[in-house]
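Enquirer: Dumping the structure here so I can ask a few things about it.
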Amino acid sequence: MGDYSKDDFLQLVKRFGAFLTVKISNLLHTLDSRSVGAIAGLAVAIVFTWRVWRSPSAPQRRIPKRQGATPSSSGVSNHSSANAATSAVISTSEDSNAQNVIDEFFQPVKPTLGQIVRQRLREGRKVTCRLLGVILEETSPEELQQQATVRSSVLEVLLEITKFCDLYLMERVLDDESEKKVLLALENAGVFTSGGLVKDKVLFCSTENGRTSFVRQLEPDWHIDTNPEITFQLARFIKYQLHVSPTKPERTAINVFNSITFEQFFGNV
């Protein structure tokens, strides 16, 4: 159908062209040069149009499909990816380091032994303490007649107490030799040299009531003892007491910390 219409149109154009030729020939004798030029221009336009219409339409250019990346572009892509990954790792590392710094900054600071002792003693400035069962390994006056041994587990805390507290140590003894053994043990442990304790603040008595009298006369902020009867008697006069005993006493007074060891009481909080 399309080819048939094309042939008819060609025949029509040829006839029209022949018709124009005849007419132009007849008019050449009668028309002036301006008319002839106009007709000639019309003829040229018609012929040009006809040739353009006859020329086969140019095939459409196919858009080439996008091919895979060449090795060079792949290398560039991989290099870019590697750079991006490296940047991400560096950024993550920097963020992690910054977070660690923040965590360390806000992490609770571990208190020193001095701070722990002050906190436990509630800033008390004067302390009285029994020797047997607290500072010494021995637990009875009879054992002191044989030897006196300072407990290594309490020595560091004892020295810390002497740095900021007015400390008095006291004990009941049976003879003068026991006193000498106690003073020698304390001296060998470095209590008199490393700490602020002097020998004059180590008091001895011959009865339990004598220790009670010492405490009442000194009026300390704290008293540390192993005898529940003494801690009970002193409860009215002493603000704070630490009762060091392996078993819980039957009677407990106000502000008396009982059934706890010396090391446990001054342990880290």
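Please note that chains go A, B, ... in the order of the structure tokens, that every chain numbers its residues from 1, and that ligands are numbered from 1 in the order shown.
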For the contact check between segment 91-192 of chain A and segment 225-229 of chain A, emit one row per residue of segment 91-192 of chain A within 12 Å, containing the shortest atom pair and the distance in Å rounded to one decimal, counting only C-alpha atoms, chain then rising number order, as a Markdown table.

Expert:
```
| residue | atom | partner | partner_atom | distance |
| --- | --- | --- | --- | --- |
| A:Val127 | CA | A:Asp225 | CA | 11.1 |
| A:Thr128 | CA | A:Asp225 | CA | 8.7 |
| A:Cys129 | CA | A:Asp225 | CA | 6.2 |
| A:Arg130 | CA | A:Asp225 | CA | 5.3 |
| A:Leu131 | CA | A:Asp225 | CA | 8.3 |
| A:Leu132 | CA | A:Thr226 | CA | 8.0 |
| A:Gly133 | CA | A:Thr226 | CA | 6.9 |
| A:Val134 | CA | A:Thr226 | CA | 7.5 |
| A:Ile135 | CA | A:Asp225 | CA | 10.4 |
| A:Leu136 | CA | A:Thr226 | CA | 11.9 |
| A:Thr139 | CA | A:Thr226 | CA | 9.3 |
| A:Ser140 | CA | A:Thr226 | CA | 11.0 |
| A:Leu169 | CA | A:Asp225 | CA | 10.5 |
| A:Met170 | CA | A:Asp225 | CA | 9.8 |
| A:Glu171 | CA | A:Asp225 | CA | 10.0 |
```

Enquirer: At a cut-off of 8 Å, using only C-alpha atoms, what residues contact segment 181-196 of chain A? Leave out same-chain residues fewer than 3 positions from it and give the result as a PyMOL selection string.

Expert: chain A and resi 144-145+147-150+155+159-160+162-163+177-178+199+202

Enquirer: Could you write those residues out with C-alpha atoms, as an mmCIF file, in the first residue's frame?

Expert:
```
data_model
loop_
_atom_site.group_PDB
_atom_site.id
_atom_site.type_symbol
_atom_site.label_atom_id
_atom_site.label_comp_id
_atom_site.auth_asym_id
_atom_site.auth_seq_id
_atom_site.Cartn_x
_atom_site.Cartn_y
_atom_site.Cartn_z
ATOM 1 C CA LEU A 144 52.250 -11.716 124.736
ATOM 2 C CA GLN A 145 54.531 -13.210 127.378
ATOM 3 C CA GLN A 147 55.920 -13.119 121.602
ATOM 4 C CA ALA A 148 54.272 -10.192 119.852
ATOM 5 C CA THR A 149 53.668 -10.146 116.079
ATOM 6 C CA VAL A 150 52.191 -7.285 114.080
ATOM 7 C CA LEU A 155 49.976 -2.550 108.770
ATOM 8 C CA LEU A 159 50.199 3.613 108.962
ATOM 9 C CA GLU A 160 47.567 5.505 106.949
ATOM 10 C CA THR A 162 48.613 7.653 111.841
ATOM 11 C CA LYS A 163 49.066 10.172 108.984
ATOM 12 C CA GLU A 177 58.505 -8.043 129.365
ATOM 13 C CA SER A 178 55.243 -8.161 127.451
ATOM 14 C CA LYS A 199 55.963 5.213 121.811
ATOM 15 C CA VAL A 202 51.210 3.074 123.275
#
```

Enquirer: Among segment 139-243 of chain A, which ones does DSSP place in helix (DSSP H, G or I), written as a ChimeraX atom specification?

Expert: /A:141-144,152-164,176-188,191-194,199-201,208-218,228-234

Enquirer: Between atom CA of Asp166 of chain A and atom CA of Arg118 of chain A, what distance in Å does the model show, to one decimal?

Expert: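 Interatomic distance here is 12.8 Å.
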
Enquirer: List every residue of segment 117-197 of chain A that DSSP, applied to the backbone of this structure, places in strand (DSSP E), and write the result as JSON, numbers by chain.

Expert: {"A": [126, 127, 128, 129, 130, 166, 167, 168, 169, 170, 171, 172]}

Enquirer: Write out, as a tab-separated table (two decimals), in the first residue's frame, the residues just selected, with all heavy atoms.

Expert:
```
chain	number	residue	atom	x	y	z
A	126	LYS	N	40.63	11.65	116.20
A	126	LYS	CA	41.28	10.92	117.29
A	126	LYS	C	40.73	9.51	117.37
A	126	LYS	O	39.51	9.31	117.39
A	126	LYS	CB	41.07	11.64	118.63
A	126	LYS	CG	41.79	10.98	119.81
A	126	LYS	CD	41.54	11.72	121.11
A	126	LYS	CE	42.28	13.03	121.15
A	126	LYS	NZ	42.20	13.66	122.51
A	127	VAL	N	41.65	8.53	117.43
A	127	VAL	CA	41.26	7.12	117.41
A	127	VAL	C	42.02	6.39	118.51
A	127	VAL	O	43.24	6.57	118.67
A	127	VAL	CB	41.58	6.46	116.05
A	127	VAL	CG1	41.20	4.97	116.07
A	127	VAL	CG2	40.84	7.17	114.92
A	128	THR	N	41.31	5.56	119.28
A	128	THR	CA	41.93	4.65	120.24
A	128	THR	C	41.67	3.22	119.76
A	128	THR	O	40.59	2.91	119.24
A	128	THR	CB	41.36	4.84	121.66
A	128	THR	OG1	39.94	4.68	121.63
A	128	THR	CG2	41.71	6.21	122.20
A	129	CYS	N	42.67	2.34	119.96
A	129	CYS	CA	42.55	0.99	119.40
A	129	CYS	C	43.25	-0.02	120.31
A	129	CYS	O	44.36	0.23	120.80
A	129	CYS	CB	43.16	0.96	118.01
A	129	CYS	SG	43.11	-0.67	117.21
A	130	ARG	N	42.62	-1.14	120.49
A	130	ARG	CA	43.23	-2.24	121.24
A	130	ARG	C	44.24	-2.95	120.35
A	130	ARG	O	44.09	-3.01	119.13
A	130	ARG	CB	42.16	-3.22	121.70
A	130	ARG	CG	42.72	-4.32	122.57
A	130	ARG	CD	41.69	-5.31	123.02
A	130	ARG	NE	42.29	-6.25	123.97
A	130	ARG	CZ	41.62	-7.24	124.58
A	130	ARG	NH1	40.32	-7.41	124.31
A	130	ARG	NH2	42.25	-8.04	125.43
A	166	ASP	N	45.07	11.26	115.35
A	166	ASP	CA	45.81	11.16	116.61
A	166	ASP	C	45.49	9.78	117.18
A	166	ASP	O	44.46	9.57	117.82
A	166	ASP	CB	45.36	12.27	117.56
A	166	ASP	CG	46.23	12.35	118.81
A	166	ASP	OD1	47.30	11.71	118.83
A	166	ASP	OD2	45.82	13.05	119.76
A	167	LEU	N	46.40	8.82	116.94
A	167	LEU	CA	46.14	7.41	117.25
A	167	LEU	C	46.80	7.02	118.58
A	167	LEU	O	47.98	7.33	118.81
A	167	LEU	CB	46.67	6.52	116.13
A	167	LEU	CG	46.54	5.01	116.35
A	167	LEU	CD1	45.05	4.60	116.41
A	167	LEU	CD2	47.26	4.24	115.24
A	168	TYR	N	46.02	6.29	119.40
A	168	TYR	CA	46.52	5.73	120.65
A	168	TYR	C	46.27	4.23	120.64
A	168	TYR	O	45.14	3.79	120.41
A	168	TYR	CB	45.82	6.35	121.87
A	168	TYR	CG	46.17	7.80	122.10
A	168	TYR	CD1	45.51	8.81	121.42
A	168	TYR	CD2	47.14	8.15	123.03
A	168	TYR	CE1	45.83	10.15	121.63
A	168	TYR	CE2	47.47	9.49	123.26
A	168	TYR	CZ	46.81	10.48	122.55
A	168	TYR	OH	47.13	11.81	122.77
A	169	LEU	N	47.31	3.45	120.90
A	169	LEU	CA	47.20	2.00	121.00
A	169	LEU	C	47.29	1.62	122.48
A	169	LEU	O	48.09	2.19	123.23
A	169	LEU	CB	48.31	1.31	120.22
A	169	LEU	CG	48.36	1.61	118.71
A	169	LEU	CD1	49.54	0.90	118.05
A	169	LEU	CD2	47.06	1.22	118.03
A	170	MET	N	46.50	0.64	122.88
A	170	MET	CA	46.47	0.26	124.31
A	170	MET	C	46.21	-1.23	124.46
A	170	MET	O	45.57	-1.86	123.60
A	170	MET	CB	45.39	1.07	125.05
A	170	MET	CG	43.99	0.97	124.44
A	170	MET	SD	42.86	2.18	125.16
A	170	MET	CE	43.59	3.73	124.63
A	171	GLU	N	46.74	-1.78	125.58
A	171	GLU	CA	46.54	-3.20	125.83
A	171	GLU	C	46.81	-3.54	127.29
A	171	GLU	O	47.60	-2.87	127.98
A	171	GLU	CB	47.46	-4.04	124.95
A	171	GLU	CG	47.14	-5.52	124.97
A	171	GLU	CD	45.64	-5.78	124.74
A	171	GLU	OE1	45.14	-5.44	123.63
A	171	GLU	OE2	44.99	-6.28	125.66
A	172	ARG	N	46.13	-4.58	127.72
A	172	ARG	CA	46.36	-5.13	129.06
A	172	ARG	C	47.49	-6.16	128.97
A	172	ARG	O	47.44	-7.07	128.12
A	172	ARG	CB	45.09	-5.79	129.58
A	172	ARG	CG	45.24	-6.41	130.97
A	172	ARG	CD	43.90	-6.87	131.48
A	172	ARG	NE	43.45	-8.07	130.78
A	172	ARG	CZ	43.70	-9.33	131.22
A	172	ARG	NH1	44.41	-9.54	132.32
A	172	ARG	NH2	43.22	-10.35	130.54
```

Enquirer: If I take atom CA of Arg125 of chain A and atom CA of Val244 of chain A, how far is one from the other in Å, to one decimal?

Expert: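 Atom CA of Arg125 of chain A sits 20.2 Å away from atom CA of Val244 of chain A.
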
Enquirer: Let me make sure I understand: among A:Asp176, A:Glu143, A:Glu123, A:Glu156, which one has the smallest atom-to-atom distance to Cys205 of chain A if we use only C-alpha atoms?

Expert: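 Of A:Asp176, A:Glu143, A:Glu123, A:Glu156, the one nearest Cys205 of chain A is A:Asp176, counting only C-alpha atoms.
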
Enquirer: Could you work out how far atom CA of Leu158 of chain A lies from atom CA of Val117 of chain A, giving the answer in Å with one decimal?

Expert: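 Distance between the two atoms: 9.5 Å.
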